[in-house]
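S.K.: I am sharing model.tsv, which consists of TSV, C-alpha atoms:
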```tsv
chain	number	residue	atom	x	y	z
A	116	MET	CA	0.00	0.00	0.00
A	117	THR	CA	1.35	3.39	-1.00
A	118	ASN	CA	0.81	6.55	1.01
A	119	THR	CA	1.10	8.91	-1.93
A	120	LEU	CA	-1.29	9.63	-4.77
A	121	GLN	CA	-0.26	10.42	-8.32
A	122	LEU	CA	-3.13	11.94	-10.29
A	123	LYS	CA	-1.15	13.25	-13.28
A	124	GLY	CA	-2.61	11.70	-16.42
A	125	THR	CA	-5.83	10.59	-14.74
A	126	SER	CA	-9.22	11.59	-16.06
A	127	ILE	CA	-11.92	12.18	-13.43
A	128	LEU	CA	-15.62	12.92	-13.95
A	129	VAL	CA	-17.34	15.12	-11.34
A	130	ALA	CA	-21.16	15.18	-11.21
A	131	ASP	CA	-22.98	17.58	-8.91
A	132	ALA	CA	-26.04	19.77	-9.47
A	133	SER	CA	-24.29	22.73	-7.83
A	134	LYS	CA	-21.83	24.58	-10.08
A	135	HIS	CA	-20.15	25.93	-6.96
A	136	ILE	CA	-19.51	22.45	-5.59
A	137	GLN	CA	-18.25	21.38	-9.02
A	138	ASN	CA	-15.79	24.30	-8.85
A	139	VAL	CA	-14.60	23.30	-5.37
A	140	VAL	CA	-14.07	19.64	-6.28
A	141	LYS	CA	-12.38	20.48	-9.59
A	142	GLY	CA	-10.18	23.11	-7.90
A	143	ILE	CA	-8.98	20.62	-5.28
A	144	LEU	CA	-8.44	17.86	-7.85
A	145	ARG	CA	-6.30	20.19	-9.97
A	146	GLN	CA	-4.15	20.95	-6.94
A	147	PHE	CA	-3.82	17.20	-6.40
A	148	GLY	CA	-2.41	16.88	-9.94
A	149	CYS	CA	-5.46	15.91	-12.04
A	150	ALA	CA	-5.07	18.39	-14.89
A	151	ASP	CA	-8.48	18.37	-16.46
A	152	PRO	CA	-11.41	17.11	-14.37
A	153	VAL	CA	-14.71	17.22	-16.27
A	154	ALA	CA	-17.90	18.37	-14.50
A	155	VAL	CA	-21.58	17.84	-15.31
A	156	SER	CA	-24.75	18.86	-13.49
A	157	ASP	CA	-27.10	15.88	-13.74
A	158	GLY	CA	-27.11	12.10	-13.83
A	159	SER	CA	-28.09	11.74	-17.49
A	160	ALA	CA	-25.29	14.06	-18.57
A	161	ALA	CA	-22.91	12.11	-16.35
A	162	LEU	CA	-23.85	8.82	-18.00
A	163	SER	CA	-23.58	10.31	-21.50
A	164	ALA	CA	-20.16	11.77	-20.73
A	165	TYR	CA	-19.04	8.50	-19.18
A	166	ARG	CA	-20.05	6.54	-22.27
A	167	GLU	CA	-18.39	8.99	-24.66
A	168	ARG	CA	-15.02	9.38	-23.01
A	169	LEU	CA	-12.63	7.14	-21.11
A	170	PHE	CA	-12.66	8.23	-17.47
A	171	ASP	CA	-10.57	6.61	-14.74
A	172	ALA	CA	-12.79	7.52	-11.78
A	173	VAL	CA	-16.03	9.30	-10.95
A	174	ILE	CA	-17.01	11.56	-8.04
A	175	CYS	CA	-20.77	12.03	-8.11
A	176	GLU	CA	-23.50	13.38	-5.83
A	177	SER	CA	-26.15	10.89	-4.70
A	178	LEU	CA	-29.15	13.18	-5.36
A	179	LEU	CA	-28.41	14.23	-8.93
A	180	PRO	CA	-31.35	15.50	-11.00
A	181	GLU	CA	-32.59	13.44	-13.99
A	182	LEU	CA	-30.82	10.25	-12.93
A	183	SER	CA	-29.80	9.87	-9.29
A	184	GLY	CA	-26.24	9.10	-8.31
A	185	PHE	CA	-27.38	5.65	-7.17
A	186	ASP	CA	-28.94	4.91	-10.58
A	187	PHE	CA	-25.85	6.28	-12.32
A	188	VAL	CA	-23.67	3.81	-10.39
A	189	ARG	CA	-26.02	0.92	-11.22
A	190	ALA	CA	-25.94	1.87	-14.92
A	191	VAL	CA	-22.14	2.07	-14.99
A	192	ARG	CA	-21.76	-1.31	-13.32
A	193	ARG	CA	-23.98	-2.83	-16.03
A	194	LEU	CA	-21.99	-1.44	-18.96
A	195	ASP	CA	-20.66	-4.08	-21.35
A	196	ASP	CA	-17.14	-2.69	-21.32
A	197	PRO	CA	-15.30	-4.46	-18.47
A	198	VAL	CA	-12.74	-1.66	-18.18
A	199	THR	CA	-15.12	1.22	-17.59
A	200	ALA	CA	-17.77	-0.78	-15.71
A	201	PHE	CA	-15.46	-1.44	-12.77
A	202	ASN	CA	-13.85	1.96	-12.31
A	203	PRO	CA	-13.87	3.49	-8.84
A	204	ILE	CA	-16.94	5.62	-8.10
A	205	ILE	CA	-17.03	7.87	-5.04
A	206	LEU	CA	-20.53	8.95	-4.08
A	207	LEU	CA	-20.84	12.39	-2.50
A	208	THR	CA	-23.70	12.74	-0.08
A	209	SER	CA	-25.07	15.12	2.49
A	210	HIS	CA	-27.19	12.27	3.87
A	211	THR	CA	-25.07	9.87	5.84
A	212	GLN	CA	-27.95	8.04	7.47
A	213	LYS	CA	-27.48	4.28	7.48
A	214	GLU	CA	-30.12	3.64	4.82
A	215	ASN	CA	-28.42	5.96	2.35
A	216	ILE	CA	-25.05	4.35	2.92
A	217	PHE	CA	-26.63	0.92	2.40
A	218	THR	CA	-28.31	2.14	-0.81
A	219	ALA	CA	-24.97	3.47	-2.06
A	220	ARG	CA	-23.24	0.21	-1.20
A	221	ASP	CA	-25.94	-1.91	-2.82
A	222	ALA	CA	-25.79	0.18	-6.00
A	223	GLY	CA	-22.14	-0.82	-6.42
A	224	THR	CA	-20.44	2.32	-5.11
A	225	THR	CA	-16.74	2.03	-4.28
A	226	ALA	CA	-16.71	4.63	-1.48
A	227	VAL	CA	-18.90	7.32	0.04
A	228	LEU	CA	-17.71	10.84	0.87
A	229	ALA	CA	-19.78	12.99	3.20
A	230	LYS	CA	-20.21	16.68	2.42
A	231	PRO	CA	-19.05	19.33	3.21
A	232	ILE	CA	-15.95	18.53	1.19
A	233	SER	CA	-12.47	19.13	2.52
A	234	PRO	CA	-9.13	18.48	0.80
A	235	LYS	CA	-8.19	16.02	3.56
A	236	LEU	CA	-11.33	13.88	3.20
A	237	LEU	CA	-11.21	13.93	-0.60
A	238	PHE	CA	-7.54	12.89	-0.61
A	239	GLU	CA	-8.20	10.10	1.92
A	240	ARG	CA	-11.07	8.71	-0.17
A	241	LEU	CA	-9.02	8.82	-3.38
A	242	MET	CA	-6.15	7.07	-1.57
A	243	TRP	CA	-8.55	4.50	-0.22
A	244	VAL	CA	-10.06	3.61	-3.61
A	245	SER	CA	-6.61	3.42	-5.20
A	246	ASN	CA	-5.60	0.84	-2.59
A	247	ASP	CA	-8.95	-0.96	-2.48
A	248	GLY	CA	-8.11	-4.62	-2.96
A	249	ARG	CA	-11.65	-5.96	-2.86
A	250	SER	CA	-12.83	-8.35	-5.56
A	251	PHE	CA	-15.77	-7.53	-7.78
A	252	VAL	CA	-18.93	-9.58	-7.49
A	253	ARG	CA	-21.54	-10.15	-10.18
A	254	THR	CA	-24.86	-11.76	-9.29
A	255	PRO	CA	-28.27	-11.45	-10.95
A	256	ASN	CA	-29.10	-8.64	-8.50
A	257	TYR	CA	-25.80	-6.95	-7.81
A	258	ILE	CA	-22.69	-5.90	-9.67
A	259	GLY	CA	-19.97	-4.08	-7.79
A	260	PRO	CA	-17.19	-4.33	-5.25
A	261	ASP	CA	-17.47	-7.08	-2.66
A	262	ARG	CA	-19.75	-5.58	-0.03
A	263	ARG	CA	-17.96	-7.36	2.79
A	264	PHE	CA	-15.23	-4.99	3.88
A	265	HIS	CA	-13.72	-7.36	6.41
A	266	ASP	CA	-12.33	-10.80	5.76
A	267	VAL	CA	-14.54	-12.45	8.34
A	268	PRO	CA	-15.87	-15.97	7.75
A	269	VAL	CA	-19.61	-15.95	7.01
A	270	PRO	CA	-21.65	-18.24	9.30
A	271	ALA	CA	-22.84	-21.29	7.36
A	272	GLU	CA	-26.51	-20.41	7.77
A	273	GLN	CA	-25.87	-16.97	6.22
A	274	GLU	CA	-23.76	-18.20	3.31
A	275	ARG	CA	-25.51	-17.25	0.09
A	276	ARG	CA	-22.86	-18.05	-2.49
A	277	SER	CA	-23.45	-20.75	-5.02
A	278	ASP	CA	-22.87	-24.39	-4.21
A	279	TRP	CA	-20.45	-24.40	-7.11
A	280	LEU	CA	-18.25	-21.77	-5.53
A	281	ARG	CA	-18.27	-23.54	-2.19
A	282	ALA	CA	-17.31	-26.77	-3.93
A	283	VAL	CA	-14.37	-25.01	-5.59
A	284	GLU	CA	-13.25	-23.62	-2.24
A	285	ASP	CA	-13.58	-27.04	-0.59
A	286	LYS	CA	-11.51	-28.56	-3.37
A	287	GLU	CA	-8.84	-25.85	-3.00
A	288	ARG	CA	-8.68	-26.46	0.74
A	289	THR	CA	-8.37	-30.22	0.21
A	290	THR	CA	-5.64	-29.75	-2.39
A	291	ALA	CA	-3.75	-27.37	-0.12
A	292	ALA	CA	-4.03	-29.81	2.79
A	293	ASN	CA	-2.74	-32.67	0.61
A	294	HIS	CA	0.27	-30.55	-0.30
A	295	GLY	CA	0.93	-29.79	3.32
A	296	ASP	CA	0.30	-25.99	2.91
B	174	MET	CA	-1.85	-1.04	-22.36
B	175	SER	CA	-4.81	-2.10	-24.48
B	176	LYS	CA	-8.29	-2.61	-23.14
B	177	ASP	CA	-7.95	-6.38	-23.70
B	178	ASP	CA	-4.99	-6.46	-21.31
B	179	GLU	CA	-7.17	-4.87	-18.65
B	180	LYS	CA	-10.00	-7.38	-18.75
B	181	PRO	CA	-10.71	-8.72	-15.28
B	182	GLU	CA	-9.67	-12.18	-14.26
B	183	VAL	CA	-12.94	-14.04	-13.72
B	184	VAL	CA	-12.59	-16.85	-11.19
B	185	ALA	CA	-16.09	-18.32	-11.50
B	186	PRO	CA	-17.77	-19.46	-14.70
B	187	GLU	CA	-20.11	-17.40	-16.85
B	188	GLY	CA	-23.71	-18.27	-16.11
B	189	GLY	CA	-23.00	-19.22	-12.50
B	190	SER	CA	-25.08	-17.59	-9.82
B	191	VAL	CA	-22.06	-15.70	-8.52
B	192	GLU	CA	-18.99	-14.47	-10.34
B	193	ILE	CA	-16.09	-13.09	-8.34
B	194	PHE	CA	-13.17	-11.48	-10.07
B	195	LYS	CA	-10.24	-9.20	-9.41
B	196	VAL	CA	-9.91	-5.88	-11.21
B	197	GLU	CA	-7.05	-3.45	-10.83
B	198	SER	CA	-8.45	-0.28	-12.32
B	199	ARG	CA	-6.41	2.07	-14.48
B	200	PHE	CA	-6.99	4.66	-11.77
B	201	ALA	CA	-5.33	2.44	-9.15
B	202	ARG	CA	-2.36	1.77	-11.41
B	203	LEU	CA	-1.86	5.44	-12.25
B	204	ALA	CA	-2.40	6.62	-8.69
B	205	LYS	CA	0.33	4.32	-7.34
B	206	ARG	CA	3.03	5.65	-9.63
B	207	SER	CA	5.98	7.42	-8.05
B	208	GLY	CA	6.05	11.20	-7.79
B	209	GLY	CA	2.67	11.53	-6.13
B	210	ILE	CA	1.72	13.69	-3.17
B	211	ASP	CA	1.17	12.62	0.43
B	212	LEU	CA	-1.59	13.69	2.80
B	213	LYS	CA	0.20	16.77	4.12
B	214	GLN	CA	1.06	18.00	0.64
B	215	ALA	CA	-2.49	17.32	-0.47
B	216	VAL	CA	-4.05	19.21	2.42
B	217	ASP	CA	-1.74	22.19	1.85
B	218	ALA	CA	-2.34	22.19	-1.91
B	219	GLY	CA	-6.08	21.69	-1.55
B	220	GLN	CA	-6.30	24.48	1.01
B	221	GLN	CA	-4.56	26.79	-1.46
B	222	ALA	CA	-7.32	26.02	-3.96
B	223	ILE	CA	-9.97	26.78	-1.36
B	224	ASP	CA	-8.22	29.99	-0.29
B	225	LYS	CA	-8.26	31.14	-3.93
B	226	MET	CA	-11.97	30.36	-4.24
B	227	ALA	CA	-12.79	31.96	-0.87
B	228	GLU	CA	-12.88	35.38	-2.52
B	229	ALA	CA	-15.67	34.19	-4.77
B	230	TYR	CA	-17.62	32.42	-2.02
B	231	PRO	CA	-19.68	35.44	-0.85
B	232	ASP	CA	-20.85	35.93	-4.44
B	233	TRP	CA	-21.67	32.21	-4.77
B	234	LEU	CA	-23.68	32.32	-1.56
B	235	ALA	CA	-25.47	35.51	-2.62
B	236	SER	CA	-26.34	33.81	-5.92
B	237	ASP	CA	-27.64	30.71	-4.11
B	238	LEU	CA	-29.71	32.88	-1.74
B	239	GLU	CA	-31.18	34.80	-4.67
B	240	THR	CA	-32.09	31.50	-6.33
B	241	LEU	CA	-33.54	30.22	-3.05
B	242	VAL	CA	-35.78	33.28	-2.61
B	243	SER	CA	-37.02	32.96	-6.18
B	244	GLN	CA	-37.72	29.22	-5.74
B	245	VAL	CA	-39.54	29.83	-2.45
B	246	GLY	CA	-41.71	32.32	-4.35
B	247	GLU	CA	-42.58	29.58	-6.83
B	248	LEU	CA	-43.88	27.38	-4.01
B	249	ALA	CA	-47.00	29.53	-3.97
B	250	THR	CA	-47.39	30.07	-7.70
B	251	GLY	CA	-45.97	27.08	-9.56
B	252	ASP	CA	-45.79	23.31	-9.27
B	253	ALA	CA	-45.27	23.07	-5.50
B	254	ASP	CA	-43.70	19.59	-5.59
B	255	SER	CA	-41.02	20.40	-8.14
B	256	ALA	CA	-40.47	23.84	-6.58
B	257	ASN	CA	-40.03	22.14	-3.19
B	258	GLU	CA	-37.42	19.84	-4.67
B	259	ALA	CA	-35.63	22.83	-6.21
B	260	VAL	CA	-35.67	24.66	-2.86
B	261	TYR	CA	-34.22	21.57	-1.19
B	262	ARG	CA	-31.39	21.30	-3.73
B	263	THR	CA	-30.43	24.94	-3.27
B	264	ALA	CA	-30.57	24.57	0.52
B	265	MET	CA	-28.24	21.58	0.16
B	266	SER	CA	-25.80	23.62	-1.93
B	267	ILE	CA	-25.78	26.36	0.74
B	268	ARG	CA	-25.30	23.83	3.51
B	269	ASP	CA	-22.57	21.87	1.71
B	270	LEU	CA	-20.37	24.85	0.91
B	271	GLY	CA	-20.40	26.84	4.17
B	272	SER	CA	-17.99	24.75	6.23
B	273	THR	CA	-15.59	24.34	3.31
B	274	PHE	CA	-14.98	28.09	3.47
B	275	GLY	CA	-15.03	28.40	7.28
B	276	TYR	CA	-18.69	29.48	7.57
B	277	PHE	CA	-19.76	26.67	9.86
B	278	LEU	CA	-22.95	28.43	10.92
B	279	VAL	CA	-24.04	28.72	7.27
B	280	THR	CA	-23.75	24.95	7.05
B	281	GLN	CA	-25.57	24.58	10.36
B	282	SER	CA	-28.47	26.88	9.44
B	283	GLY	CA	-28.61	25.37	5.92
B	284	ASP	CA	-28.83	21.96	7.53
B	285	LEU	CA	-31.72	23.14	9.69
B	286	LEU	CA	-33.47	24.47	6.57
B	287	CYS	CA	-33.07	21.06	4.92
B	288	GLU	CA	-34.50	19.43	8.04
B	289	LEU	CA	-37.47	21.82	7.98
B	290	LEU	CA	-38.13	21.04	4.29
B	291	VAL	CA	-38.00	17.29	4.91
B	292	ARG	CA	-40.39	17.55	7.87
B	293	LYS	CA	-42.78	19.87	6.03
B	294	ARG	CA	-42.87	17.54	3.06
B	295	ARG	CA	-43.48	14.55	5.32
B	296	ALA	CA	-46.36	16.47	6.88
B	297	GLY	CA	-47.79	17.12	3.40
B	298	ASN	CA	-46.93	20.81	3.63
B	299	VAL	CA	-44.89	22.07	0.66
B	300	ASP	CA	-45.79	25.77	0.86
B	301	ALA	CA	-43.52	28.66	1.86
B	302	THR	CA	-44.66	28.80	5.50
B	303	ASP	CA	-41.82	29.16	8.04
B	304	ILE	CA	-38.99	29.22	5.47
B	305	GLN	CA	-38.20	32.96	5.61
B	306	PRO	CA	-36.60	32.95	9.13
B	307	PHE	CA	-34.10	30.36	7.87
B	308	ILE	CA	-33.17	32.54	4.90
B	309	ASP	CA	-32.74	35.51	7.26
B	310	ALA	CA	-30.54	33.43	9.58
B	311	ILE	CA	-28.34	32.30	6.68
B	312	ARG	CA	-27.92	35.90	5.54
B	313	LEU	CA	-26.90	36.88	9.07
B	314	VAL	CA	-24.34	34.12	9.67
B	315	ALA	CA	-22.87	34.60	6.19
B	316	THR	CA	-21.39	37.93	7.29
B	317	PRO	CA	-17.61	37.95	7.94
B	318	ARG	CA	-17.95	38.33	11.73
B	319	PHE	CA	-19.39	34.79	11.90
B	320	LYS	CA	-16.60	33.20	9.85
B	321	GLY	CA	-14.73	30.54	11.81
B	322	ILE	CA	-17.38	30.30	14.55
B	323	GLU	CA	-18.37	26.70	15.22
B	324	ALA	CA	-21.94	25.70	16.00
B	325	GLY	CA	-21.02	24.90	19.62
B	326	GLU	CA	-19.75	28.43	20.18
B	327	SER	CA	-22.99	30.09	19.15
B	328	ARG	CA	-25.31	28.84	21.84
B	329	GLY	CA	-28.82	30.15	21.32
B	330	LEU	CA	-28.27	31.64	17.89
B	331	LEU	CA	-30.04	28.88	16.02
B	332	ASP	CA	-32.46	27.83	18.78
B	333	GLY	CA	-35.28	29.84	17.19
B	334	LEU	CA	-34.90	27.81	14.01
B	335	ARG	CA	-34.97	24.57	15.99
B	336	GLN	CA	-38.21	25.68	17.66
B	337	ILE	CA	-39.79	26.23	14.24
B	338	ILE	CA	-38.67	22.77	13.11
B	339	ALA	CA	-40.17	21.25	16.26
B	340	ARG	CA	-43.64	22.35	15.09
B	341	TYR	CA	-43.48	19.61	12.46
B	342	PRO	CA	-43.36	15.90	13.28
B	343	GLY	CA	-39.87	14.42	13.36
B	344	PRO	CA	-38.70	11.07	12.09
B	345	THR	CA	-40.40	8.08	13.69
B	346	VAL	CA	-38.07	6.39	16.13
B	347	ALA	CA	-38.56	2.69	16.73
B	348	ARG	CA	-39.13	2.05	20.43
B	349	LYS	CA	-38.18	-1.02	22.35
B	350	THR	CA	-41.30	-2.69	23.67
B	351	ASP	CA	-39.70	-4.96	26.19
```
Please render this file's structure as structure tokens.

M.R.:
Amino acid sequence: MTNTLQLKGTSILVADASKHIQNVVKGILRQFGCADPVAVSDGSAALSAYRERLFDAVICESLLPELSGFDFVRAVRRLDDPVTAFNPIILLTSHTQKENIFTARDAGTTAVLAKPISPKLLFERLMWVSNDGRSFVRTPNYIGPDRRFHDVPVPAEQERRSDWLRAVEDKERTTAANHGD
Amino acid sequence: MSKDDEKPEVVAPEGGSVEIFKVESRFARLAKRSGGIDLKQAVDAGQQAIDKMAEAYPDWLASDLETLVSQVGELATGDADSANEAVYRTAMSIRDLGSTFGYFLVTQSGDLLCELLVRKRRAGNVDATDIQPFIDAIRLVATPRFKGIEAGESRGLLDGLRQIIARYPGPTVARKTD
């Protein structure tokens, strides 16, 4: 894990209904080294921009007009292009109640950043997503980063993964045991 | 590196109920290159950006307040639901910018306005009643003498706004029955 962030050469999309907040986020990102952040004011424009141009990361407000930030994240995660579909997305929100955080997580968001924005918090979130080692998960109902942040064994009665996957893991464990690992 | 090189390594078969795969995004690769900035450098650099924008902040706030007053006017004359949503968005913008520029009480009073709007809407009341005192309070605490003052240091200043909010039902809190 690195403790520095190199944003030169990165392309970041910022989506917020407020032009002033767009200016603040873009101003901070430029100081961090991202030369040309692009800003849009609603969710539909964000999705159009995202489809038209190769972005490396997105910072978007949860309550965007036209298409909410949550729906934007869901749409991105369902894109056919495996490169752009799995880019980091940081959701900005003024509403940090548990249900909003759960909605953001279940939409496939990489990280949530509470407003008001500060350079410290924005830097920490960008650092966090650049070091995020979680796998991606695709199920019929969810596409996004693994929602389990901690590597804690799931109790058997709560295990919802496929029998197939469990069989693979059992086989791997058996193989490892046979090799004395 | 071509896009094909960046395709994720899928460790479960297509068509299975769960696919789990590792992806290292282009962002992660670029961000980890040498020559980056650390937290202290980032905070200093980011603060410089905010200091530059601080001169413009009073104009931004004045513009947001002007928009807010106009939108509140539309609550009585236009489509109340969409006008209410517009008022809420502008209130959010006011709230979300104040602290960034050291106007903590602007954020606090903007937050109280958002709370009022949520409670009024929940009560089926999307008119302009009771909104004006919040606009007046924001105008007051947006003056330079309130810059840098935290909510805890201004005991009583926003109590009147809280009393107005208390006229509307708050969120339902689940109670333990045993």

S.K.: Dump as an MDAnalysis selection string the residues of chain A that approach chain B to within 6 Å, counting all atoms listed in the file.

M.R.: chainID A and resid 119:122 142:143 146 171 202 230:231 234:235 245 250:254 277

S.K.: Given 4 Å on each side, where is the centre and what are the edge lengths in Å to one decimal of the axis-aligned box enclosing the listed atoms of segment 207-226 of chain A, as JSON?

M.R.:
```
{"center_x": -23.4, "center_y": 6.6, "center_z": 0.5, "size_x": 21.4, "size_y": 25.0, "size_z": 21.9}
```

S.K.: If you count all atoms listed in the file, which residues fall within 9 Å of segment 257-261 of chain A, apart from same-chain ones fewer than 5 positions away, as a VMD selection string?

M.R.: (chain A and resid 189 192 to 193 200 to 201 220 to 225 249 to 252) or (chain B and resid 193)

S.K.: Point out the residue among A:Leu236, A:Val139, A:Ala219, A:Val188 with the least atom-to-atom distance to Ala172 of chain A, counting all atoms listed in the file.

M.R.: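 Nearest candidate to Ala172 of chain A out of A:Leu236, A:Val139, A:Ala219, A:Val188: A:Val188.
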
S.K.: Find the spatial neighbours of Ala154 of chain A, counting all atoms listed in the file, within a cut-off of 9 Å - ignore same-chain residues fewer than 2 positions away - and output them as number ranges by chain.

M.R.: A: 127-131, 134, 137-138, 141, 152, 156, 161

S.K.: To one decimal in Å, tell me the separation between atom CA of Leu207 of chain A and atom CA of Leu182 of chain A.

M.R.: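 Atom CA of Leu182 of chain A lies 14.6 Å from atom CA of Leu207 of chain A.
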
S.K.: Give me the residues near Gly124 of chain A as a JSON list (two decimals) with C-alpha atoms, keeping the file's coordinate frame, where near means some atom within 9 Å (using all atoms listed in the file) and where sequence neighbours in that chain fewer than 6 positions away do not count.

M.R.:
```json
[["chain", "number", "residue", "atom", "x", "y", "z"],
["A", 148, "GLY", "CA", -2.41, 16.88, -9.94],
["A", 149, "CYS", "CA", -5.46, 15.91, -12.04],
["A", 150, "ALA", "CA", -5.07, 18.39, -14.89],
["A", 151, "ASP", "CA", -8.48, 18.37, -16.46],
["B", 203, "LEU", "CA", -1.86, 5.44, -12.25]]
```

S.K.: Can you measure atom CA of Gly329 of chain B to atom CA of Pro306 of chain B for me? One decimal in Å is fine.

M.R.: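 Distance between the two atoms: 14.7 Å.
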
S.K.: In Å, rounded to a single decimal, give me how far atom CA of Tyr276 of chain B is from atom CA of Ala324 of chain B.

M.R.: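 Straight-line distance from atom CA of Ala324 of chain B to atom CA of Tyr276 of chain B works out to 9.8 Å.
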
S.K.: Tell me, as a short mmCIF file (atom, residue, chain, number, x, y, z; two decimals) with C-alpha atoms, in the frame of the given file, which residues lie within 10 Å of Arg312 of chain B, counting all atoms listed in the file; anything in the same chain fewer than 5 positions away does not count.

M.R.:
```cif
data_model
loop_
_atom_site.label_atom_id
_atom_site.label_comp_id
_atom_site.auth_asym_id
_atom_site.auth_seq_id
_atom_site.Cartn_x
_atom_site.Cartn_y
_atom_site.Cartn_z
CA LEU B 234 -23.68 32.32 -1.56
CA ALA B 235 -25.47 35.51 -2.62
CA LEU B 238 -29.71 32.88 -1.74
CA VAL B 279 -24.04 28.72 7.27
CA SER B 282 -28.47 26.88 9.44
CA PRO B 306 -36.60 32.95 9.13
CA PHE B 307 -34.10 30.36 7.87
#
```

S.K.: Of the residues B:Glu228, B:Asp309, B:Asp254, B:Glu239, which is the one nearest to Gly283 of chain B, using only C-alpha atoms?

M.R.: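 Between B:Glu228, B:Asp309, B:Asp254, B:Glu239, the residue approaching Gly283 of chain B most closely is B:Asp309.
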
S.K.: Tell me which of B:Asn257, B:Gln281, B:Thr240, B:Thr302 sits closest to Val314 of chain B, counting all atoms listed in the file.

M.R.: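 The closest residue to Val314 of chain B is B:Gln281.
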